[in-house]
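As provided, work-v1.pdb (PDB, C-alpha atoms) reads as follows.
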MODEL        1
ATOM      1  CA  MET A  12    -179.283-116.128  51.421
ATOM      2  CA  CYS A  13    -176.294-114.081  52.535
ATOM      3  CA  ILE A  14    -176.243-115.646  55.980
ATOM      4  CA  SER A  15    -176.332-119.170  54.559
ATOM      5  CA  LEU A  16    -173.521-118.441  52.090
ATOM      6  CA  CYS A  17    -171.334-116.560  54.551
ATOM      7  CA  PRO A  18    -172.292-117.081  58.205
ATOM      8  CA  GLN A  19    -170.904-114.369  60.432
ATOM      9  CA  ARG A  20    -170.636-113.702  64.092
ATOM     10  CA  SER A  21    -171.575-110.052  63.600
ATOM     11  CA  VAL A  22    -175.262-110.666  62.843
ATOM     12  CA  GLU A  23    -177.258-109.153  65.678
ATOM     13  CA  ASP A  24    -179.148-111.617  67.870
ATOM     14  CA  SER A  25    -182.485-109.872  67.417
ATOM     15  CA  VAL A  26    -182.120-110.021  63.621
ATOM     16  CA  MET A  27    -181.227-113.721  63.731
ATOM     17  CA  GLN A  28    -184.121-114.436  66.097
ATOM     18  CA  HIS A  29    -186.539-112.621  63.799
ATOM     19  CA  LEU A  30    -185.254-114.566  60.786
ATOM     20  CA  GLN A  31    -185.526-117.876  62.646
ATOM     21  CA  ASP A  32    -189.058-117.062  63.821
ATOM     22  CA  LYS A  33    -190.352-115.893  60.469
ATOM     23  CA  TYR A  34    -188.307-117.897  57.941
ATOM     24  CA  ALA A  35    -187.342-121.113  59.754
ATOM     25  CA  ASP A  36    -188.220-123.457  56.895
ATOM     26  CA  GLN A  37    -186.391-121.336  54.296
ATOM     27  CA  LEU A  38    -183.295-121.158  56.516
ATOM     28  CA  ALA A  39    -183.356-124.926  56.974
ATOM     29  CA  ARG A  40    -183.628-125.480  53.217
ATOM     30  CA  LEU A  41    -180.778-123.042  52.594
ATOM     31  CA  ALA A  42    -178.647-124.805  55.215
ATOM     32  CA  LYS A  43    -179.197-128.089  53.333
ATOM     33  CA  GLY A  44    -178.027-126.366  50.156
ATOM     34  CA  GLU A  45    -181.218-126.842  48.155
ATOM     35  CA  ASP A  46    -180.778-125.243  44.734
ATOM     36  CA  SER A  47    -184.529-124.746  44.389
ATOM     37  CA  MET A  48    -184.607-122.523  47.492
ATOM     38  CA  TYR A  49    -181.751-120.357  46.181
ATOM     39  CA  GLU A  50    -183.516-120.088  42.821
ATOM     40  CA  GLU A  51    -186.811-119.176  44.494
ATOM     41  CA  LEU A  52    -185.254-116.450  46.648
ATOM     42  CA  TYR A  53    -183.172-115.142  43.782
ATOM     43  CA  GLY A  54    -186.193-114.993  41.494
ATOM     44  CA  TYR A  55    -188.069-113.034  44.144
ATOM     45  CA  ALA A  56    -185.362-110.604  45.262
ATOM     46  CA  ALA A  57    -183.027-110.155  42.305
ATOM     47  CA  PRO A  58    -183.220-107.134  40.061
ATOM     48  CA  LYS A  59    -185.144-108.196  36.997
ATOM     49  CA  SER A  60    -182.658-106.768  34.535
ATOM     50  CA  ILE A  61    -179.210-105.310  34.626
ATOM     51  CA  TYR A  62    -177.956-103.974  31.312
ATOM     52  CA  PRO A  63    -174.421-102.720  30.664
ATOM     53  CA  ALA A  64    -175.914 -99.620  29.024
ATOM     54  CA  VAL A  65    -179.168 -97.718  29.293
ATOM     55  CA  PRO A  66    -181.816-100.032  27.805
ATOM     56  CA  ASN A  67    -184.495 -98.988  25.382
ATOM     57  CA  TYR A  68    -187.453 -99.589  27.684
ATOM     58  CA  PRO A  69    -190.249 -99.339  25.101
ATOM     59  CA  GLU A  70    -188.613-102.074  23.002
ATOM     60  CA  ALA A  71    -187.431-104.336  25.853
ATOM     61  CA  ASN A  72    -189.184-107.665  25.755
ATOM     62  CA  SER A  73    -189.686-110.167  28.535
ATOM     63  CA  ARG A  74    -187.477-112.767  26.819
ATOM     64  CA  GLU A  75    -184.414-110.531  27.121
ATOM     65  CA  ILE A  76    -185.193-109.800  30.755
ATOM     66  CA  ILE A  77    -185.617-113.491  31.573
ATOM     67  CA  GLN A  78    -182.410-114.336  29.693
ATOM     68  CA  SER A  79    -180.528-111.682  31.661
ATOM     69  CA  LEU A  80    -181.943-112.950  34.956
ATOM     70  CA  ASN A  81    -181.049-116.568  34.104
ATOM     71  CA  GLN A  82    -177.513-115.565  33.170
ATOM     72  CA  GLN A  83    -177.063-113.752  36.479
ATOM     73  CA  PHE A  84    -178.477-116.734  38.377
ATOM     74  CA  ALA A  85    -176.071-119.096  36.544
ATOM     75  CA  VAL A  86    -173.151-117.074  37.902
ATOM     76  CA  LEU A  87    -174.614-117.230  41.427
ATOM     77  CA  GLN A  88    -175.251-120.964  41.074
ATOM     78  CA  THR A  89    -171.602-121.524  40.096
ATOM     79  CA  GLU A  90    -170.542-119.677  43.244
ATOM     80  CA  ILE A  91    -172.943-121.750  45.367
ATOM     81  CA  ARG A  92    -171.603-125.014  43.916
ATOM     82  CA  GLN A  93    -168.039-123.928  44.658
ATOM     83  CA  GLN A  94    -169.018-123.326  48.295
ATOM     84  CA  HIS A  95    -171.353-126.270  48.903
ATOM     85  CA  LYS A  96    -168.923-128.097  51.224
ATOM     86  CA  LEU A  97    -167.918-125.052  53.248
ATOM     87  CA  PRO A  98    -170.691-125.340  55.880
ATOM     88  CA  LEU A  99    -169.765-128.997  56.482
ATOM     89  CA  ILE A 100    -166.069-128.170  56.801
ATOM     90  CA  ARG A 101    -166.861-125.198  59.074
ATOM     91  CA  SER A 102    -168.955-127.428  61.350
ATOM     92  CA  TYR A 103    -166.073-129.899  61.773
ATOM     93  CA  LEU A 104    -163.607-127.080  62.401
ATOM     94  CA  LYS A 105    -165.797-125.879  65.285
ATOM     95  CA  LEU A 106    -165.425-129.272  66.991
ATOM     96  CA  TYR A 107    -161.630-129.446  67.044
ATOM     97  CA  THR A 108    -158.635-127.388  68.081
ATOM     98  CA  THR A 109    -156.296-129.359  65.787
ATOM     99  CA  ILE A 110    -157.146-131.935  63.138
ATOM    100  CA  SER A 111    -155.082-133.508  60.396
ATOM    101  CA  ALA A 112    -155.992-132.506  56.869
ATOM    102  CA  ALA A 113    -156.398-136.181  55.923
ATOM    103  CA  LYS A 114    -158.902-136.780  58.745
ATOM    104  CA  LEU A 115    -160.840-133.610  57.866
ATOM    105  CA  ALA A 116    -160.889-134.696  54.218
ATOM    106  CA  ALA A 117    -162.348-138.047  55.249
ATOM    107  CA  PHE A 118    -165.036-136.302  57.310
ATOM    108  CA  ALA A 119    -165.861-133.978  54.418
ATOM    109  CA  GLU A 120    -167.459-136.724  52.325
ATOM    110  CA  ASN A 121    -164.066-138.264  51.391
ATOM    111  CA  THR A 122    -162.876-135.160  49.611
ATOM    112  CA  PRO A 123    -159.367-135.557  48.162
ATOM    113  CA  GLU A 124    -156.841-133.694  50.285
ATOM    114  CA  PRO A 125    -155.812-131.190  47.561
ATOM    115  CA  ASP A 126    -159.497-130.338  47.051
ATOM    116  CA  LEU A 127    -159.904-129.939  50.819
ATOM    117  CA  ARG A 128    -157.018-127.464  50.856
ATOM    118  CA  ALA A 129    -158.755-125.537  48.061
ATOM    119  CA  HIS A 130    -161.991-125.512  50.102
ATOM    120  CA  LEU A 131    -160.092-124.315  53.179
ATOM    121  CA  MET A 132    -158.530-121.497  51.163
ATOM    122  CA  CYS A 133    -161.966-120.607  49.803
ATOM    123  CA  LEU A 134    -163.395-120.560  53.335
ATOM    124  CA  LYS A 135    -160.561-118.349  54.520
ATOM    125  CA  HIS A 136    -160.908-116.030  51.523
ATOM    126  CA  LYS A 137    -164.701-115.686  51.777
ATOM    127  CA  THR A 138    -164.667-114.816  55.473
ATOM    128  CA  ILE A 139    -162.106-112.018  55.554
ATOM    129  CA  GLY A 140    -162.749-108.384  54.857
ATOM    130  CA  LEU A 141    -161.324-104.945  55.289
ATOM    131  CA  LEU A 142    -162.317-103.055  58.437
ATOM    132  CA  LYS A 143    -162.015 -99.314  58.039
ATOM    133  CA  THR A 144    -160.555 -97.525  61.022
ATOM    134  CA  GLY A 145    -160.435 -93.860  61.833
ATOM    135  CA  ASN A 146    -161.443 -91.240  59.293
ATOM    136  CA  THR A 147    -162.611 -93.065  56.147
ATOM    137  CA  ALA A 148    -162.808 -89.865  54.054
ATOM    138  CA  SER A 149    -159.062 -89.395  54.019
ATOM    139  CA  GLY A 150    -156.420 -91.892  53.106
ATOM    140  CA  SER A 151    -156.270 -94.813  50.732
ATOM    141  CA  PRO A 152    -159.410 -96.761  49.835
ATOM    142  CA  LEU A 153    -157.525 -99.913  50.840
ATOM    143  CA  ALA A 154    -156.480 -98.506  54.211
ATOM    144  CA  GLY A 155    -157.764-100.523  57.113
ATOM    145  CA  GLN A 156    -157.263-103.733  58.966
ATOM    146  CA  VAL A 157    -157.965-107.178  57.482
ATOM    147  CA  VAL A 158    -160.270-109.058  59.863
ATOM    148  CA  SER A 159    -162.192-112.297  59.790
ATOM    149  CA  SER A 160    -165.980-112.215  59.959
ATOM    150  CA  SER A 161    -166.209-115.935  60.651
ATOM    151  CA  ASN A 162    -166.747-117.584  63.989
ATOM    152  CA  VAL A 163    -163.968-120.056  63.089
ATOM    153  CA  ASP A 164    -160.372-118.981  62.533
ATOM    154  CA  PHE A 165    -157.737-121.486  61.434
ATOM    155  CA  PHE A 166    -154.418-122.000  59.687
ATOM    156  CA  VAL A 167    -152.797-125.026  58.051
ATOM    157  CA  GLU A 168    -149.272-126.059  58.984
ATOM    158  CA  LYS A 169    -147.534-129.253  57.803
ATOM    159  CA  GLY A 170    -150.762-131.103  57.019
ATOM    160  CA  VAL A 171    -152.455-130.148  60.284
ATOM    161  CA  VAL A 172    -155.289-127.654  60.582
ATOM    162  CA  HIS A 173    -154.989-125.537  63.735
ATOM    163  CA  ILE A 174    -158.218-123.907  64.856
ATOM    164  CA  ALA A 175    -158.119-120.800  67.035
ATOM    165  CA  ASP A 176    -160.727-120.195  69.693
ATOM    166  CA  THR A 177    -162.717-117.179  68.492
ATOM    167  CA  ARG A 178    -165.703-117.350  70.779
ATOM    168  CA  VAL A 179    -166.915-113.931  71.775
ATOM    169  CA  ALA A 180    -167.949-113.421  75.384
ATOM    170  CA  PRO A 181    -171.739-113.250  75.507
ATOM    171  CA  THR A 182    -173.327-109.918  76.158
ATOM    172  CA  PHE A 183    -176.669-109.748  77.857
ATOM    173  CA  VAL A 184    -177.633-106.265  76.690
ATOM    174  CA  HIS A 185    -179.711-107.524  73.772
ATOM    175  CA  TYR A 186    -181.346-110.209  75.905
ATOM    176  CA  PHE A 187    -182.465-107.770  78.576
ATOM    177  CA  THR A 188    -183.478-105.103  76.054
ATOM    178  CA  LYS A 189    -185.617-107.595  74.157
ATOM    179  CA  HIS A 190    -187.365-108.787  77.305
ATOM    180  CA  ILE A 191    -187.893-105.229  78.584
ATOM    181  CA  GLU A 192    -189.550-104.355  75.258
ATOM    182  CA  LYS A 193    -191.773-107.443  75.534
ATOM    183  CA  LEU A 194    -192.722-106.514  79.093
ATOM    184  CA  GLU A 195    -193.534-102.940  78.075
ATOM    185  CA  ALA A 196    -195.676-104.221  75.192
ATOM    186  CA  GLN A 197    -197.568-106.555  77.545
ATOM    187  CA  CYS A 198    -198.073-103.763  80.077
ATOM    188  CA  ALA A 199    -199.391-101.471  77.330
ATOM    189  CA  ASP A 200    -201.692-104.251  76.107
ATOM    190  CA  LEU A 201    -203.025-104.868  79.647
ATOM    191  CA  SER A 202    -203.573-101.153  80.288
ATOM    192  CA  SER A 203    -205.425-100.774  76.972
ATOM    193  CA  ARG A 204    -207.678-103.730  77.871
ATOM    194  CA  ALA A 205    -208.392-102.289  81.306
ATOM    195  CA  ALA A 206    -209.402 -98.938  79.839
TER     196      ALA A 206
ENDMDL
END
Written form, structure tokens:
Amino acid sequence: MCISLCPQRSVEDSVMQHLQDKYADQLARLAKGEDSMYEELYGYAAPKSIYPAVPNYPEANSREIIQSLNQQFAVLQTEIRQQHKLPLIRSYLKLYTTISAAKLAAFAENTPEPDLRAHLMCLKHKTIGLLKTGNTASGSPLAGQVVSSSNVDFFVEKGVVHIADTRVAPTFVHYFTKHIEKLEAQCADLSSRAA
């Protein structure tokens, strides 16, 4: 769910490969923005109750727990609805180096231009974070460098969206490590069959 709501370039290749191998249909449904898939995953993985104070467990009934869970999911669903056009906008931003806001708005299901600007600000806001540098024990909790976790970086100037090239040079360490592990597993399997 996190990867579909906020795709990042920092997800390790082996983790992404494992997710795509094991949960391909769920990832596809999340990419389409199916509310039922978000509800299913949330119902499975969410804490069943979060109370502002220590609850009285012997007297807690299932209705209160379900009501609490539904209230928490309603907040998540509002967030998902606010972000439902971000993957589409991100995909168009990957195709261009510069694009007018009007043209991007037309591509994004004829979104009005002020709404597109709001979506662009939301995309920018959701993909930046604070990177701690140096000794994190000392200094201010807000000390660090603001960096983007997105694979698309952009800025808007005079009605034109300028997209920066943020492609990271591929590293082959993970590729070779993964294949070496597969080879070692096959060799171990063959030697166990021979014995």
Practice prompt. Run the PyMOL selection byres ((chain A and resi 53) around 12) against the file shown and list the residues it catches, as a PyMOL selection string.
Written response: chain A and resi 12-13+46-52+54-59+80-81+83-88
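Here atom CA of A:Gln94 stands at a distance of 12.3 Å from atom CA of A:Lys43.
Going from atom CA of A:Lys96 over to atom CA of A:Ala35, you cover 21.5 Å.
Every protein or nucleic acid residue with an atom no more than 9 Å from A:Glu23, counting all atoms listed in the file and leaving out same-chain residues fewer than 4 positions away, appears here: Met27, Gln28 and His185 of chain A.
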Centre and edge lengths, as AutoDock Vina command-line options, for the axis-aligned box enclosing every listed atom of stretch 38-53 of chain A with 6 Å of padding on each of the six sides, in Å to one decimal?
--center_x -182.4 --center_y -121.6 --center_z 49.9 --size_x 20.8 --size_y 24.9 --size_z 26.2
Discussion item. For a test of reading the model, state the distance in Å between atom CA of A:Ala42 and atom CA of A:Thr138, rounded to one decimal.
Written reply: 17.2 Å
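Neighbours of A:Tyr107 closer than or equal to 12 Å, with all atoms listed in the file counted and sequence neighbours fewer than 3 positions away skipped, come out as A:Ile100, A:Arg101, A:Ser102, A:Tyr103, A:Leu104, A:Ile110, A:Ser111, A:Lys114, A:Leu115, A:Val163, A:Asp164, A:Phe165, A:Val171, A:Val172, A:His173, A:Ile174, A:Ala175, A:Asp176.
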Worksheet, complete the sentence: Among A:Arg204, A:Phe118, A:Val158, A:His130, A:Leu142 is approached most closely, using all atoms listed in the file, by A:Val158
